[in-house]
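entry_18.txt (compact mmCIF, C-alpha atoms) appears below.
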```
# COMPACT_ATOMS: atom_id res chain seq x y z
CA MET A 1 96.09 169.51 8.01
CA PRO A 2 92.93 168.97 10.10
CA ARG A 3 91.71 171.98 12.06
CA THR A 4 92.19 170.18 15.37
CA SER A 5 95.80 169.41 14.52
CA VAL A 6 96.48 173.05 13.61
CA LEU A 7 94.98 174.21 16.90
CA LEU A 8 97.08 171.76 18.89
CA LEU A 9 100.21 172.88 17.02
CA ILE A 10 99.53 176.54 17.80
CA MET A 11 98.84 175.74 21.44
CA GLY A 12 102.01 173.70 21.61
CA LEU A 13 104.12 176.53 20.17
CA ALA A 14 102.57 179.06 22.55
CA SER A 15 103.13 176.77 25.50
CA GLY A 16 106.73 176.22 24.45
CA CYS A 17 107.40 179.97 24.29
CA ALA A 18 105.75 180.62 27.63
CA SER A 19 107.63 177.83 29.36
CA ASN A 20 110.97 179.34 28.39
CA LEU A 21 110.39 182.30 30.73
CA GLN A 22 111.15 181.39 34.34
CA GLY A 23 110.82 184.76 36.07
CA SER A 24 112.50 188.14 36.44
CA ASN A 25 114.15 190.35 39.03
CA LEU A 26 115.13 193.97 39.52
CA TYR A 27 117.86 195.32 41.79
CA THR A 28 118.74 198.91 42.66
CA SER A 29 121.93 200.14 44.29
CA THR A 30 120.43 203.18 46.02
CA ILE A 31 116.91 204.12 47.06
CA PHE A 32 116.07 207.82 47.25
CA PHE A 33 112.95 209.94 47.60
CA LEU A 34 112.30 212.99 45.46
CA PRO A 35 110.76 215.76 47.59
CA PRO A 36 107.14 216.71 46.86
CA SER A 37 106.85 219.42 44.22
CA SER A 38 104.12 221.06 42.17
CA ALA A 39 106.51 221.32 39.22
CA ASN A 40 105.77 218.71 36.58
CA THR A 41 108.19 219.25 33.69
CA VAL A 42 110.80 216.63 32.87
CA TYR A 43 113.50 216.20 30.25
CA ILE A 44 114.67 212.70 29.32
CA GLU A 45 118.02 211.74 27.86
CA ALA A 46 118.44 207.98 27.43
CA ARG A 47 121.61 206.47 26.04
CA ASN A 48 122.80 202.94 25.42
CA THR A 49 126.44 201.88 25.28
CA SER A 50 125.71 198.16 25.72
CA ASP A 51 125.69 195.31 23.22
CA ASN A 52 121.89 195.34 23.06
CA GLN A 53 120.85 198.57 21.37
CA GLN A 54 117.18 197.56 21.49
CA VAL A 55 116.92 198.65 25.13
CA THR A 56 115.91 202.27 24.60
CA LEU A 57 113.60 203.12 27.55
CA ASN A 58 111.35 204.72 24.92
CA ASP A 59 108.27 204.08 27.05
CA LEU A 60 109.58 206.19 29.94
CA GLY A 61 107.98 209.37 28.59
CA SER A 62 104.53 207.81 28.35
CA ARG A 63 104.82 206.41 31.86
CA LEU A 64 105.62 209.87 33.24
CA SER A 65 102.89 211.50 31.17
CA ALA A 66 100.41 209.07 32.69
CA LYS A 67 101.46 210.40 36.09
CA GLY A 68 100.75 213.99 35.07
CA TYR A 69 104.25 215.06 34.07
CA LYS A 70 104.97 217.05 30.94
CA VAL A 71 107.91 215.79 28.91
CA VAL A 72 109.74 218.74 27.35
CA THR A 73 112.37 218.89 24.61
CA ASP A 74 114.27 221.84 26.11
CA PRO A 75 116.28 220.80 29.18
CA ASN A 76 116.37 224.41 30.38
CA GLN A 77 112.59 224.35 30.75
CA ALA A 78 112.57 221.17 32.83
CA GLN A 79 112.21 220.91 36.59
CA TYR A 80 113.70 217.42 36.45
CA VAL A 81 116.40 216.15 34.10
CA ILE A 82 116.62 212.37 33.75
CA GLN A 83 119.81 210.92 32.29
CA ALA A 84 120.03 207.17 31.84
CA ASN A 85 122.70 205.04 30.24
CA THR A 86 122.33 201.30 29.69
CA VAL A 87 125.91 200.16 30.07
CA TYR A 88 125.64 196.38 30.01
CA CYS A 89 123.34 193.72 28.52
CA ASN A 90 124.55 190.13 28.61
CA THR A 91 124.11 186.79 30.30
CA GLU A 92 124.80 186.36 33.98
CA LYS A 93 128.02 184.47 34.61
CA GLN A 94 129.48 182.73 37.63
CA THR A 95 131.62 185.73 38.54
CA ILE A 96 129.26 188.36 37.13
CA THR A 97 125.90 187.87 38.82
CA MET A 98 123.09 190.39 39.18
CA GLU A 99 124.21 190.94 42.76
CA THR A 100 127.77 191.80 41.75
CA MET A 101 126.53 193.98 38.90
CA VAL A 102 124.53 196.17 41.27
CA ALA A 103 127.24 196.10 43.97
CA GLY A 104 129.44 198.44 41.94
CA GLY A 105 126.82 201.16 42.28
CA TYR A 106 126.29 204.07 39.92
CA GLY A 107 129.24 204.36 37.55
CA GLY A 108 131.02 201.35 39.03
CA GLY A 109 132.42 198.27 37.34
CA ILE A 110 130.36 195.31 36.21
CA GLY A 111 131.00 192.33 38.44
CA SER A 112 134.71 191.58 38.70
CA ALA A 113 135.55 194.07 35.97
CA ILE A 114 137.07 197.33 37.13
CA SER A 115 135.81 200.06 34.85
CA SER A 116 134.62 203.65 35.06
CA PHE A 117 132.73 203.40 31.74
CA GLY A 118 134.69 206.17 30.12
CA GLY A 119 134.16 208.81 32.79
CA ALA A 120 130.81 209.88 31.33
CA ILE A 121 129.20 207.52 33.80
CA GLY A 122 131.90 207.56 36.47
CA ASN A 123 131.06 210.93 38.01
CA VAL A 124 128.86 213.93 37.57
CA GLY A 125 131.70 216.29 36.89
CA SER A 126 132.73 214.40 33.77
CA MET A 127 129.08 214.42 32.64
CA ALA A 128 129.22 218.19 32.46
CA GLY A 129 129.01 218.02 28.69
CA MET A 130 125.42 216.81 29.10
CA ALA A 131 124.48 218.39 32.42
CA ASN A 132 126.07 221.82 32.15
CA PRO A 133 123.79 223.27 29.44
CA MET A 134 120.83 221.78 31.22
CA ILE A 135 121.57 223.11 34.66
CA GLY A 136 123.42 226.29 33.90
CA MET A 137 126.31 225.83 36.28
CA GLY A 138 129.95 224.84 36.00
CA ALA A 139 131.28 221.30 36.09
CA ALA A 140 133.02 221.96 39.39
CA GLY A 141 129.76 223.01 40.99
CA ILE A 142 127.97 219.93 39.70
CA SER A 143 130.78 217.68 40.93
CA ALA A 144 130.70 219.27 44.36
CA ALA A 145 126.95 218.87 44.68
CA ALA A 146 127.02 215.27 43.53
CA GLY A 147 130.06 214.50 45.69
CA ALA A 148 128.33 215.78 48.79
CA LEU A 149 125.29 213.68 48.04
CA GLY A 150 127.34 210.61 47.17
CA SER A 151 129.18 210.72 50.48
CA ALA A 152 125.91 211.00 52.36
CA VAL A 153 124.08 208.12 50.70
CA ASP A 154 125.14 204.49 51.12
CA SER A 155 124.59 201.94 48.40
CA ILE A 156 122.26 199.60 50.19
CA GLY A 157 121.97 196.96 47.50
CA SER A 158 118.23 196.66 47.95
CA MET A 159 116.02 194.52 45.78
CA PHE A 160 112.48 195.30 44.73
CA GLY A 161 110.02 194.67 41.96
CA SER A 162 110.47 190.90 41.74
CA SER A 163 107.87 189.39 39.47
CA GLY A 164 108.94 185.79 39.83
CA PRO A 165 111.27 183.42 41.64
CA GLU A 166 114.96 183.90 41.03
CA VAL A 167 115.89 180.47 39.80
CA LYS A 168 119.58 179.86 39.37
CA THR A 169 120.34 176.34 38.22
CA LYS A 170 122.40 174.90 35.42
CA GLU A 171 119.21 174.60 33.41
CA ASN A 172 118.45 178.31 33.57
CA ILE A 173 120.07 181.34 31.98
CA THR A 174 119.76 184.91 33.24
CA TYR A 175 119.94 187.72 30.70
CA ALA A 176 120.50 191.04 32.48
CA CYS A 177 120.81 194.72 31.65
CA VAL A 178 122.49 197.39 33.77
CA THR A 179 121.32 201.00 33.58
CA ASP A 180 122.89 203.91 35.46
CA VAL A 181 120.37 206.65 36.22
CA GLN A 182 120.88 210.26 37.28
CA ILE A 183 117.99 212.57 38.16
CA THR A 184 118.77 216.27 38.57
CA GLU A 185 116.23 218.46 40.33
CA ARG A 186 116.52 222.10 39.34
CA PRO A 187 115.27 225.13 41.33
CA SER A 188 111.48 225.31 41.16
CA SER A 189 111.43 228.81 39.65
CA PRO A 190 113.74 230.60 37.16
CA GLY A 191 116.56 232.41 38.88
CA ALA A 192 115.84 230.78 42.23
CA MET A 193 118.83 229.72 44.25
CA GLN A 194 118.92 226.29 45.84
CA PRO A 195 121.38 225.59 48.68
CA GLY A 196 124.25 223.58 47.25
CA GLY A 197 122.96 223.99 43.71
CA PRO A 198 120.70 221.54 41.87
CA LYS A 199 120.01 218.32 43.73
CA VAL A 200 121.41 215.21 42.08
CA TYR A 201 120.19 211.64 42.67
CA GLN A 202 122.02 208.61 41.29
CA THR A 203 121.38 204.88 41.25
CA ARG A 204 122.21 201.74 39.32
CA LEU A 205 119.40 199.47 38.13
CA VAL A 206 119.92 195.83 37.19
CA ALA A 207 117.03 193.98 35.57
CA GLY A 208 117.24 190.29 34.74
CA VAL A 209 115.07 187.74 32.97
CA HIS A 210 115.50 184.05 33.77
CA GLN A 211 115.03 181.66 30.86
CA LYS A 212 115.51 177.98 30.15
CA LYS A 213 117.18 178.86 26.87
CA LEU A 214 118.71 182.20 26.01
CA ASP A 215 116.37 184.32 23.92
CA ALA A 216 117.48 187.95 23.90
CA GLN A 217 114.56 189.01 21.70
CA GLU A 218 112.10 187.61 24.25
CA ALA A 219 113.97 189.15 27.19
CA THR A 220 114.55 192.64 25.75
CA PRO A 221 111.00 194.08 26.00
CA LEU A 222 110.59 192.65 29.50
CA LEU A 223 113.86 194.21 30.65
CA GLN A 224 112.98 197.56 29.12
CA GLN A 225 109.60 197.58 30.85
CA LYS A 226 111.15 196.82 34.24
CA LEU A 227 113.84 199.48 33.86
CA SER A 228 111.43 202.19 32.65
CA ALA A 229 108.90 201.35 35.36
CA SER A 230 111.61 201.62 37.99
CA VAL A 231 112.77 205.05 36.81
CA ALA A 232 109.19 206.33 36.56
CA GLY A 233 108.47 204.94 40.01
CA ASN A 234 110.65 207.65 41.54
CA PHE A 235 108.10 210.30 40.49
```

Output the structure of this file as C-alpha cells.
Amino acid sequence: MPRTSVLLLIMGLASGCASNLQGSNLYTSTIFFLPPSSANTVYIEARNTSDNQQVTLNDLGSRLSAKGYKVVTDPNQAQYVIQANTVYCNTEKQTITMETMVAGGYGGGIGSAISSFGGAIGNVGSMAGMANPMIGMGAAGISAAAGALGSAVDSIGSMFGSSGPEVKTKENITYACVTDVQITERPSSPGAMQPGGPKVYQTRLVAGVHQKKLDAQEATPLLQQKLSASVAGNF
C-alpha cells in the first residue's frame, strides 16, 4: 500500500475514534470544605461493586502525593481516611439519568431504583467494619457523628468540572459511573479529643462520558480520571 494511503488510513482511524467522544460531565451531591490542617497523612480504601471493575481510582494516591500528602498503609497512622465505593457503571437511561443518579445522595438508590447498597454504603454505622479499626471508636459513636453531620448538610445537587457540552440526543449515549465517597478526619494528634468524635464528610459523585456509540473501554479511563480528580480536589 502506498505510504500516502497508509497515512490517510491512520488519520481516518484516529479521526473516527476522536469523533466518538462528545463530551463529559461530573455531578456531586454535596459540596464540603475540609478545614485547613498541617497534617498530611492519608489512607485510601477504594472498592468497586459495579459491573465495571476497571474503575479502580488507582491514580488517587499519586494525585494526593503531588499535593504534598503522604499516603500510608496503616489507617491508624492517617489524619484522613478516604473510603470510596463505585456502586454503578452503566449507560444512562430515560428513567436513570445522571441527575437522578446523583439525586439519591450518598448511599441512596440509583435513579428510580430504591436500594441501600447492602448497608455498607447506606450509613456510617454499618460501615463500622471498615471504619472502626481505623478510627478507634464504636459503631454507635460513628453513626452519631455522621448522623449529626448528615442532618446539617443538604444535598445541593451541584454540578462542576464539566469538560464538554452535555449532549443528550437519540444519537448519543452516556456511560456513567457512580462513586460514593466518605472522608473521615481524625484528631490531629494521638490521644487528642475532638468534639463529637472524628469528623465525617460524605458525597456522591457521578461522572459521565457522552459518546456517539457506546465504547466502555474508551470511557473507563476518562471516568476514572474525573472521579479521582474530584476526590483529590477536596484536599

Could you check how far atom CA of A:Tyr106 sits from atom CA of A:Ser24, in Å to one decimal?
-> 21.4 Å

Could you please determine the separation between atom CA of A:Leu64 and atom CA of A:Pro35 in Å, to one decimal place?
->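 Spanning atom CA of A:Leu64 to atom CA of A:Pro35 is a straight-line distance of 16.3 Å.
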
Could you state the separation of atom CA of A:Leu205 and atom CA of A:Ile173 in Å, given to one decimal place?
-> 19.2 Å

Do you know which residues are at most 7 Å from A:Asn90 counting all atoms listed in the file, after dropping those on the same chain fewer than 6 positions away, and could you put them as an NGL selection string?
-> :A and (175-177)

If you count only C-alpha atoms, which residues fall within 9 Å of stretch 207-212 of chain A, apart from same-chain ones fewer than 5 positions away, as a PyMOL selection string?
-> chain A and resi 19-28+91-92+98+165-168+171-179+219-220+222-224+226-227

Could the residues in this selection be saved with C-alpha atoms as an mmCIF file, in the frame of the given file?
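File produced: selection.cif:
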```
data_model
loop_
_atom_site.group_PDB
_atom_site.id
_atom_site.type_symbol
_atom_site.label_atom_id
_atom_site.label_comp_id
_atom_site.auth_asym_id
_atom_site.auth_seq_id
_atom_site.Cartn_x
_atom_site.Cartn_y
_atom_site.Cartn_z
ATOM 1 C CA SER A 19 107.630 177.830 29.360
ATOM 2 C CA ASN A 20 110.970 179.340 28.390
ATOM 3 C CA LEU A 21 110.390 182.300 30.730
ATOM 4 C CA GLN A 22 111.150 181.390 34.340
ATOM 5 C CA GLY A 23 110.820 184.760 36.070
ATOM 6 C CA SER A 24 112.500 188.140 36.440
ATOM 7 C CA ASN A 25 114.150 190.350 39.030
ATOM 8 C CA LEU A 26 115.130 193.970 39.520
ATOM 9 C CA TYR A 27 117.860 195.320 41.790
ATOM 10 C CA THR A 28 118.740 198.910 42.660
ATOM 11 C CA THR A 91 124.110 186.790 30.300
ATOM 12 C CA GLU A 92 124.800 186.360 33.980
ATOM 13 C CA MET A 98 123.090 190.390 39.180
ATOM 14 C CA PRO A 165 111.270 183.420 41.640
ATOM 15 C CA GLU A 166 114.960 183.900 41.030
ATOM 16 C CA VAL A 167 115.890 180.470 39.800
ATOM 17 C CA LYS A 168 119.580 179.860 39.370
ATOM 18 C CA GLU A 171 119.210 174.600 33.410
ATOM 19 C CA ASN A 172 118.450 178.310 33.570
ATOM 20 C CA ILE A 173 120.070 181.340 31.980
ATOM 21 C CA THR A 174 119.760 184.910 33.240
ATOM 22 C CA TYR A 175 119.940 187.720 30.700
ATOM 23 C CA ALA A 176 120.500 191.040 32.480
ATOM 24 C CA CYS A 177 120.810 194.720 31.650
ATOM 25 C CA VAL A 178 122.490 197.390 33.770
ATOM 26 C CA THR A 179 121.320 201.000 33.580
ATOM 27 C CA ALA A 219 113.970 189.150 27.190
ATOM 28 C CA THR A 220 114.550 192.640 25.750
ATOM 29 C CA LEU A 222 110.590 192.650 29.500
ATOM 30 C CA LEU A 223 113.860 194.210 30.650
ATOM 31 C CA GLN A 224 112.980 197.560 29.120
ATOM 32 C CA LYS A 226 111.150 196.820 34.240
ATOM 33 C CA LEU A 227 113.840 199.480 33.860
#
```

Measuring atom to atom with all atoms listed in the file, identify which of A:Thr41, A:Asn58, A:Ile82, A:Gly68 is nearest to A:Pro221.
->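 Closest to A:Pro221 of all the choices is A:Asn58.
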
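Of the listed residues (A:Gln217, A:Ser65, A:Thr56, A:Gln79), A:Gln79 comes nearest to A:Lys199; the distances count all atoms listed in the file.
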
Pick out the residues sitting within 6 Å of A:Asp180, and hand them over as a compact mmCIF listing (two decimals) with C-alpha atoms, in the frame of the given file; count all atoms listed in the file, and ignore anything fewer than 6 positions along from it in its own chain.
```txt
# COMPACT_ATOMS: atom_id res chain seq x y z
CA ALA A 84 120.03 207.17 31.84
CA ASN A 85 122.70 205.04 30.24
CA TYR A 106 126.29 204.07 39.92
CA ARG A 204 122.21 201.74 39.32
```

From the list A:Gln83, A:Thr184, A:Thr30, A:Ser228, which residue is nearest A:Ser62 when using all atoms listed in the file?
-> A:Ser228

Give me the residues within 7 Å of A:Met101 as an NGL selection string, counting all atoms listed in the file and dropping any in the same chain fewer than 3 places off.
-> :A and (96-98 or 104 or 110-111)

Could you save those same residues with C-alpha atoms as a PDB file, keeping the file's coordinate frame?
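Result written to out-v2.pdb:
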```pdb
ATOM      1  CA  ILE A  96     129.260 188.360  37.130  1.00  0.00           C
ATOM      2  CA  THR A  97     125.900 187.870  38.820  1.00  0.00           C
ATOM      3  CA  MET A  98     123.090 190.390  39.180  1.00  0.00           C
ATOM      4  CA  GLY A 104     129.440 198.440  41.940  1.00  0.00           C
ATOM      5  CA  ILE A 110     130.360 195.310  36.210  1.00  0.00           C
ATOM      6  CA  GLY A 111     131.000 192.330  38.440  1.00  0.00           C
TER       7      GLY A 111
END
```

If you count all atoms listed in the file, the residue of A:Asn234, A:Ser29, A:Ala216, A:Leu34 closest to A:Val102 turns out to be A:Ser29

Could you please give me, as a PyMOL selection string, the residues of protein, DNA or RNA lying at most 7 Å from (105.1, 217.8, 35.6) in the coordinate frame of the file, considering all atoms listed in the file?
-> chain A and resi 39-42+68-70

Please write the residues from the selection above to a file, keeping C-alpha atoms, as a JSON list (two decimals), in the frame of the given file.
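Output below, filename again29.json:
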```json
[["chain", "number", "residue", "atom", "x", "y", "z"],
["A", 39, "ALA", "CA", 106.51, 221.32, 39.22],
["A", 40, "ASN", "CA", 105.77, 218.71, 36.58],
["A", 41, "THR", "CA", 108.19, 219.25, 33.69],
["A", 42, "VAL", "CA", 110.80, 216.63, 32.87],
["A", 68, "GLY", "CA", 100.75, 213.99, 35.07],
["A", 69, "TYR", "CA", 104.25, 215.06, 34.07],
["A", 70, "LYS", "CA", 104.97, 217.05, 30.94]]
```

Out of A:Thr95, A:Thr100, A:Thr203, A:Ser37, which residue has the shortest atom-to-atom distance to A:Ser230 when counting only C-alpha atoms?
-> A:Thr203

Find, counting all atoms listed in the file, the residue in A:Pro187, A:Gly109, A:Phe33, A:Arg63 that gets nearest to A:Asn76.
-> A:Pro187

List the neighbours of A:Asp51 out to 9 Å using all atoms listed in the file; skip same-chain residues closer than 5 positions along the sequence, and give me the result as JSON, numbers by chain.
-> {"A": [87, 88, 89, 90]}
